[in-house]
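Colleague: Below is start_6.pdb; it holds PDB, C-alpha atoms and all ligand atoms.
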```
MODEL        1
ATOM      1  CA  MET J   1     108.376 125.801 118.909  1.00  0.00           C
ATOM      2  CA  PRO J   2     109.717 123.189 116.470  1.00  0.00           C
ATOM      3  CA  ALA J   3     108.328 119.663 116.744  1.00  0.00           C
ATOM      4  CA  SER J   4     110.614 117.604 118.976  1.00  0.00           C
ATOM      5  CA  ASP J   5     112.817 114.991 117.366  1.00  0.00           C
ATOM      6  CA  ALA J   6     110.975 111.708 117.243  1.00  0.00           C
ATOM      7  CA  ARG J   7     113.219 109.898 114.787  1.00  0.00           C
ATOM      8  CA  ALA J   8     114.435 107.248 117.212  1.00  0.00           C
ATOM      9  CA  LEU J   9     110.900 106.555 118.427  1.00  0.00           C
ATOM     10  CA  VAL J  10     109.523 106.275 114.886  1.00  0.00           C
ATOM     11  CA  ALA J  11     112.448 104.053 113.871  1.00  0.00           C
ATOM     12  CA  ALA J  12     111.665 101.740 116.804  1.00  0.00           C
ATOM     13  CA  ALA J  13     108.009 101.545 115.709  1.00  0.00           C
ATOM     14  CA  ARG J  14     109.111 100.708 112.150  1.00  0.00           C
ATOM     15  CA  ARG J  15     111.325  97.903 113.430  1.00  0.00           C
ATOM     16  CA  ALA J  16     108.544  96.566 115.665  1.00  0.00           C
ATOM     17  CA  ARG J  17     106.158  96.555 112.703  1.00  0.00           C
ATOM     18  CA  ARG J  18     108.305  93.898 111.042  1.00  0.00           C
ATOM     19  CA  HIS J  19     107.276  91.484 113.811  1.00  0.00           C
ATOM     20  CA  ALA J  20     103.541  91.983 113.181  1.00  0.00           C
ATOM     21  CA  ARG J  21     101.461  88.814 113.008  1.00  0.00           C
ATOM     22  CA  ALA J  22      98.916  90.008 110.443  1.00  0.00           C
ATOM     23  CA  ALA J  23      98.088  86.803 108.559  1.00  0.00           C
ATOM     24  CA  TYR J  24      94.414  87.743 108.067  1.00  0.00           C
ATOM     25  CA  SER J  25      94.397  91.445 107.250  1.00  0.00           C
ATOM     26  CA  GLY J  26      97.923  91.742 105.873  1.00  0.00           C
ATOM     27  CA  PHE J  27      97.935  95.158 107.601  1.00  0.00           C
ATOM     28  CA  LYS J  28     101.094  95.438 109.692  1.00  0.00           C
ATOM     29  CA  VAL J  29     101.360  98.052 112.431  1.00  0.00           C
ATOM     30  CA  GLY J  30     104.210  98.958 114.767  1.00  0.00           C
ATOM     31  CA  ALA J  31     104.074 101.113 117.879  1.00  0.00           C
ATOM     32  CA  ALA J  32     106.721 102.546 120.175  1.00  0.00           C
ATOM     33  CA  LEU J  33     105.925 104.064 123.539  1.00  0.00           C
ATOM     34  CA  GLU J  34     108.371 106.427 125.240  1.00  0.00           C
ATOM     35  CA  THR J  35     108.365 106.459 129.033  1.00  0.00           C
ATOM     36  CA  SER J  36     109.107 109.547 131.121  1.00  0.00           C
ATOM     37  CA  ASP J  37     112.702 108.356 131.613  1.00  0.00           C
ATOM     38  CA  GLY J  38     113.229 107.875 127.855  1.00  0.00           C
ATOM     39  CA  THR J  39     112.858 104.100 127.721  1.00  0.00           C
ATOM     40  CA  ILE J  40     111.250 102.845 124.509  1.00  0.00           C
ATOM     41  CA  ILE J  41     108.822  99.919 124.630  1.00  0.00           C
ATOM     42  CA  THR J  42     107.550  98.552 121.330  1.00  0.00           C
ATOM     43  CA  GLY J  43     104.577  96.535 120.109  1.00  0.00           C
ATOM     44  CA  CYS J  44     103.120  95.114 116.920  1.00  0.00           C
ATOM     45  CA  ASN J  45      99.654  93.898 116.035  1.00  0.00           C
ATOM     46  CA  VAL J  46      98.958  90.231 116.734  1.00  0.00           C
ATOM     47  CA  GLU J  47      96.021  88.673 114.866  1.00  0.00           C
ATOM     48  CA  ASN J  48      94.193  85.449 115.573  1.00  0.00           C
ATOM     49  CA  ALA J  49      92.072  83.062 113.481  1.00  0.00           C
ATOM     50  CA  THR J  50      89.033  84.093 115.529  1.00  0.00           C
ATOM     51  CA  TYR J  51      89.663  87.676 114.296  1.00  0.00           C
ATOM     52  CA  GLY J  52      88.048  89.112 117.431  1.00  0.00           C
ATOM     53  CA  LEU J  53      91.017  88.265 119.630  1.00  0.00           C
ATOM     54  CA  THR J  54      93.332  90.447 117.579  1.00  0.00           C
ATOM     55  CA  VAL J  55      95.309  92.954 119.626  1.00  0.00           C
ATOM     56  CA  CYS J  56      96.562  96.192 118.085  1.00  0.00           C
ATOM     57  CA  ALA J  57     100.187  97.291 118.189  1.00  0.00           C
ATOM     58  CA  GLU J  58      99.465 100.172 120.561  1.00  0.00           C
ATOM     59  CA  ARG J  59      97.831  97.982 123.192  1.00  0.00           C
ATOM     60  CA  VAL J  60     100.596  95.387 122.946  1.00  0.00           C
ATOM     61  CA  ALA J  61     103.142  98.154 123.579  1.00  0.00           C
ATOM     62  CA  MET J  62     101.195  99.579 126.526  1.00  0.00           C
ATOM     63  CA  PHE J  63     100.556  96.195 128.151  1.00  0.00           C
ATOM     64  CA  LYS J  64     104.209  95.220 127.720  1.00  0.00           C
ATOM     65  CA  ALA J  65     105.285  98.495 129.338  1.00  0.00           C
ATOM     66  CA  LEU J  66     102.876  98.160 132.255  1.00  0.00           C
ATOM     67  CA  SER J  67     103.874  94.559 132.827  1.00  0.00           C
ATOM     68  CA  GLU J  68     107.513  95.651 133.037  1.00  0.00           C
ATOM     69  CA  GLY J  69     106.676  98.237 135.697  1.00  0.00           C
ATOM     70  CA  HIS J  70     106.605 101.432 133.626  1.00  0.00           C
ATOM     71  CA  ARG J  71     104.018 103.925 134.837  1.00  0.00           C
ATOM     72  CA  ARG J  72     104.663 107.320 133.209  1.00  0.00           C
ATOM     73  CA  PHE J  73     104.654 107.953 129.484  1.00  0.00           C
ATOM     74  CA  LYS J  74     105.338 110.876 127.170  1.00  0.00           C
ATOM     75  CA  ARG J  75     104.750 109.878 123.567  1.00  0.00           C
ATOM     76  CA  VAL J  76     103.731 107.054 121.302  1.00  0.00           C
ATOM     77  CA  ALA J  77     104.710 106.555 117.654  1.00  0.00           C
ATOM     78  CA  ILE J  78     102.493 104.470 115.368  1.00  0.00           C
ATOM     79  CA  VAL J  79     103.672 103.213 111.977  1.00  0.00           C
ATOM     80  CA  ALA J  80     101.724 101.623 109.111  1.00  0.00           C
ATOM     81  CA  ASP J  81     102.469 101.357 105.395  1.00  0.00           C
ATOM     82  CA  THR J  82      99.828 103.898 104.331  1.00  0.00           C
ATOM     83  CA  ALA J  83     100.138 107.213 102.507  1.00  0.00           C
ATOM     84  CA  ASP J  84      97.460 108.713 104.751  1.00  0.00           C
ATOM     85  CA  PRO J  85      98.012 108.740 108.519  1.00  0.00           C
ATOM     86  CA  THR J  86      96.909 105.589 110.387  1.00  0.00           C
ATOM     87  CA  PRO J  87      95.502 106.834 113.717  1.00  0.00           C
ATOM     88  CA  PRO J  88      94.905 104.555 116.716  1.00  0.00           C
ATOM     89  CA  CYS J  89      91.543 102.772 116.857  1.00  0.00           C
ATOM     90  CA  GLY J  90      88.974 103.706 119.485  1.00  0.00           C
ATOM     91  CA  ALA J  91      89.868 100.862 121.839  1.00  0.00           C
ATOM     92  CA  CYS J  92      93.537 101.828 121.752  1.00  0.00           C
ATOM     93  CA  ARG J  93      92.714 105.488 122.392  1.00  0.00           C
ATOM     94  CA  GLN J  94      90.848 104.429 125.528  1.00  0.00           C
ATOM     95  CA  ILE J  95      93.692 102.239 126.809  1.00  0.00           C
ATOM     96  CA  LEU J  96      96.373 104.816 125.983  1.00  0.00           C
ATOM     97  CA  TRP J  97      94.337 107.486 127.826  1.00  0.00           C
ATOM     98  CA  GLU J  98      93.779 105.299 130.886  1.00  0.00           C
ATOM     99  CA  PHE J  99      97.457 104.532 131.388  1.00  0.00           C
ATOM    100  CA  GLY J 100      99.284 107.255 129.457  1.00  0.00           C
ATOM    101  CA  GLY J 101      97.139 110.359 129.873  1.00  0.00           C
ATOM    102  CA  ASP J 102      97.445 113.103 127.330  1.00  0.00           C
ATOM    103  CA  LEU J 103     100.229 111.534 125.270  1.00  0.00           C
ATOM    104  CA  GLU J 104     101.671 113.022 122.136  1.00  0.00           C
ATOM    105  CA  VAL J 105     100.661 110.670 119.308  1.00  0.00           C
ATOM    106  CA  ILE J 106     103.125 110.631 116.412  1.00  0.00           C
ATOM    107  CA  LEU J 107     101.928 108.994 113.203  1.00  0.00           C
ATOM    108  CA  ALA J 108     104.287 107.815 110.477  1.00  0.00           C
ATOM    109  CA  ASN J 109     104.563 105.556 107.489  1.00  0.00           C
ATOM    110  CA  LEU J 110     107.644 103.735 106.223  1.00  0.00           C
ATOM    111  CA  ARG J 111     109.156 106.905 104.805  1.00  0.00           C
ATOM    112  CA  ARG J 112     107.979 109.928 106.757  1.00  0.00           C
ATOM    113  CA  GLU J 113     106.052 111.328 109.661  1.00  0.00           C
ATOM    114  CA  THR J 114     102.379 111.872 108.713  1.00  0.00           C
ATOM    115  CA  GLY J 115     101.028 113.756 111.712  1.00  0.00           C
ATOM    116  CA  ARG J 116     101.125 114.638 115.402  1.00  0.00           C
ATOM    117  CA  HIS J 117      98.153 114.919 117.724  1.00  0.00           C
ATOM    118  CA  SER J 118      97.422 115.194 121.425  1.00  0.00           C
ATOM    119  CA  LEU J 119      95.559 112.153 122.645  1.00  0.00           C
ATOM    120  CA  SER J 120      93.022 114.509 124.258  1.00  0.00           C
ATOM    121  CA  VAL J 121      92.164 115.782 120.772  1.00  0.00           C
ATOM    122  CA  LEU J 122      91.799 112.236 119.413  1.00  0.00           C
ATOM    123  CA  LEU J 123      89.671 111.213 122.420  1.00  0.00           C
ATOM    124  CA  PRO J 124      87.544 114.190 123.478  1.00  0.00           C
ATOM    125  CA  LEU J 125      85.185 113.704 126.406  1.00  0.00           C
ATOM    126  CA  PRO J 126      86.743 110.406 127.571  1.00  0.00           C
ATOM    127  CA  PHE J 127      85.217 107.998 130.023  1.00  0.00           C
ATOM    128  CA  ASP J 128      87.780 107.515 132.773  1.00  0.00           C
ATOM    129  CA  SER J 129      88.265 106.824 136.466  1.00  0.00           C
ATOM    130  CA  ARG J 130      87.325 110.379 137.476  1.00  0.00           C
ATOM    131  CA  LEU J 131      83.726 109.421 136.751  1.00  0.00           C
ATOM    132  CA  LEU J 132      83.827 106.425 139.079  1.00  0.00           C
ATOM    133  CA  LYS J 133      84.348 108.499 142.265  1.00  0.00           C
TER     134      LYS J 133
HETATM  135  N1  LIG J 201      95.640  97.847 113.936  1.00  0.00           N
HETATM  136  C1  LIG J 201      96.597  98.235 114.829  1.00  0.00           C
HETATM  137  O1  LIG J 201      97.438  97.433 115.239  1.00  0.00           O
HETATM  138  N2  LIG J 201      96.604  99.516 115.239  1.00  0.00           N
HETATM  139  C2  LIG J 201      95.781 100.483 114.761  1.00  0.00           C
HETATM  140  O2  LIG J 201      95.887 101.631 115.194  1.00  0.00           O
HETATM  141  C3  LIG J 201      94.779 100.163 113.739  1.00  0.00           C
HETATM  142  C4  LIG J 201      94.588  98.709 113.456  1.00  0.00           C
HETATM  143  C5  LIG J 201      95.663  96.461 113.443  1.00  0.00           C
HETATM  144  C6  LIG J 201      94.553  95.566 113.925  1.00  0.00           C
HETATM  145  C7  LIG J 201      94.515  94.533 112.819  1.00  0.00           C
HETATM  146  O3  LIG J 201      95.497  93.541 113.066  1.00  0.00           O
HETATM  147  C8  LIG J 201      94.932  95.291 111.576  1.00  0.00           C
HETATM  148  O4  LIG J 201      95.574  96.474 112.044  1.00  0.00           O
HETATM  149  C9  LIG J 201      93.786  95.660 110.670  1.00  0.00           C
HETATM  150  O5  LIG J 201      92.779  96.314 111.358  1.00  0.00           O
ENDMDL
END
```
Translate this file's structure into structure tokens.
Ligand code: THU

Modeller:
Amino acid sequence: MPASDARALVAAARRARRHARAAYSGFKVGAALETSDGTIITGCNVENATYGLTVCAERVAMFKALSEGHRRFKRVAIVADTADPTPPCGACRQILWEFGGDLEVILANLRRETGRHSLSVLLPLPFDSRLLK
């Protein structure tokens, strides 16, 4: 089966990346989350002078979406200006899994798509609420 068209989602992540507040690392990231009804919610990384309070683009997108009432998600696109794919960090994988389940994760740079992965492949053997029963 051909890979589904993610151009609009990747384009939204590229636009969101322009809003990144990356004064300390200079590394700008954009993310775009697609809900089950096709709504696109974006995020960018937001850094802070304490460094440790930095929030990644993916978590900004997910927290925005949750705070607006979205509950079901299909895919997330992540864009950085790197030749190699920029995959989500471990903390973002955990948050995306908790609220998005086995999302399709689409990686891209400013020019092209650089990879697609299931979140369950990026986060094997997750800790999640099933273990808290
Ligand atoms: N960053 C993201 O926003 N998403 C990722 O998937 C990887 C890292 C941000 C955090 C920080 O602002 C900068 O990139 C460098 O780590």

Colleague: Could you expand the PyMOL selection byres (((chain J and resi 105) around 12) and not hetatm) into the explicit residues it covers here, written as number ranges by chain?

Modeller: J: 6, 9-10, 31-34, 58, 73-79, 85-88, 92-93, 96-97, 100-104, 106-108, 113-123

Colleague: Neighbours of ligand LIG 201 (chain J) at 7 Å or closer, counting all atoms listed in the file: which residues, as a PyMOL selection string?

Modeller: chain J and resi 22+25+27-30+44-47+54-58+86-89+92

Colleague: Could you jot down the CA of Ala65 in chain J to CA of Gly38 in chain J separation for me, Å, one decimal place?

Modeller: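 Atom-to-atom, CA of Ala65 in chain J and CA of Gly38 in chain J are spaced 12.4 Å apart.
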
Colleague: Take CA of Leu66 in chain J and CA of Ile41 in chain J and report the distance between them in Å, one decimal.

Modeller: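 Between these atoms lies a distance of 9.8 Å.
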
Colleague: For Ala20 in chain J, which residue out of J:Val60, J:Leu53, J:Ile95, J:Leu125 is the nearest one, using all atoms listed in the file?

Modeller: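 Residue with the minimum atom-to-atom distance to Ala20 in chain J: J:Val60.
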
Colleague: Expressed in Å to a single decimal, how great is the separation between CA of Leu110 in chain J and CA of Glu98 in chain J?

Modeller: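 Rounded to one decimal, the two atoms are 28.3 Å apart.
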
Colleague: So, counting only C-alpha atoms, which residue among J:Thr39, J:Ala49, J:Gln94, J:Arg15 is closest to Gly69 in chain J?

Modeller: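 Closest candidate: J:Thr39.
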
Colleague: Build an axis-aligned box that encloses every atom of range 74-90 of chain J listed in the file, pad it by 8 Å on each side, and report its centre and edge lengths in Å to one decimal, as lines of an AutoDock Vina configuration file.

Modeller:
```
center_x = 97.2
center_y = 106.1
center_z = 114.8
size_x = 32.4
size_y = 25.5
size_z = 40.7
```
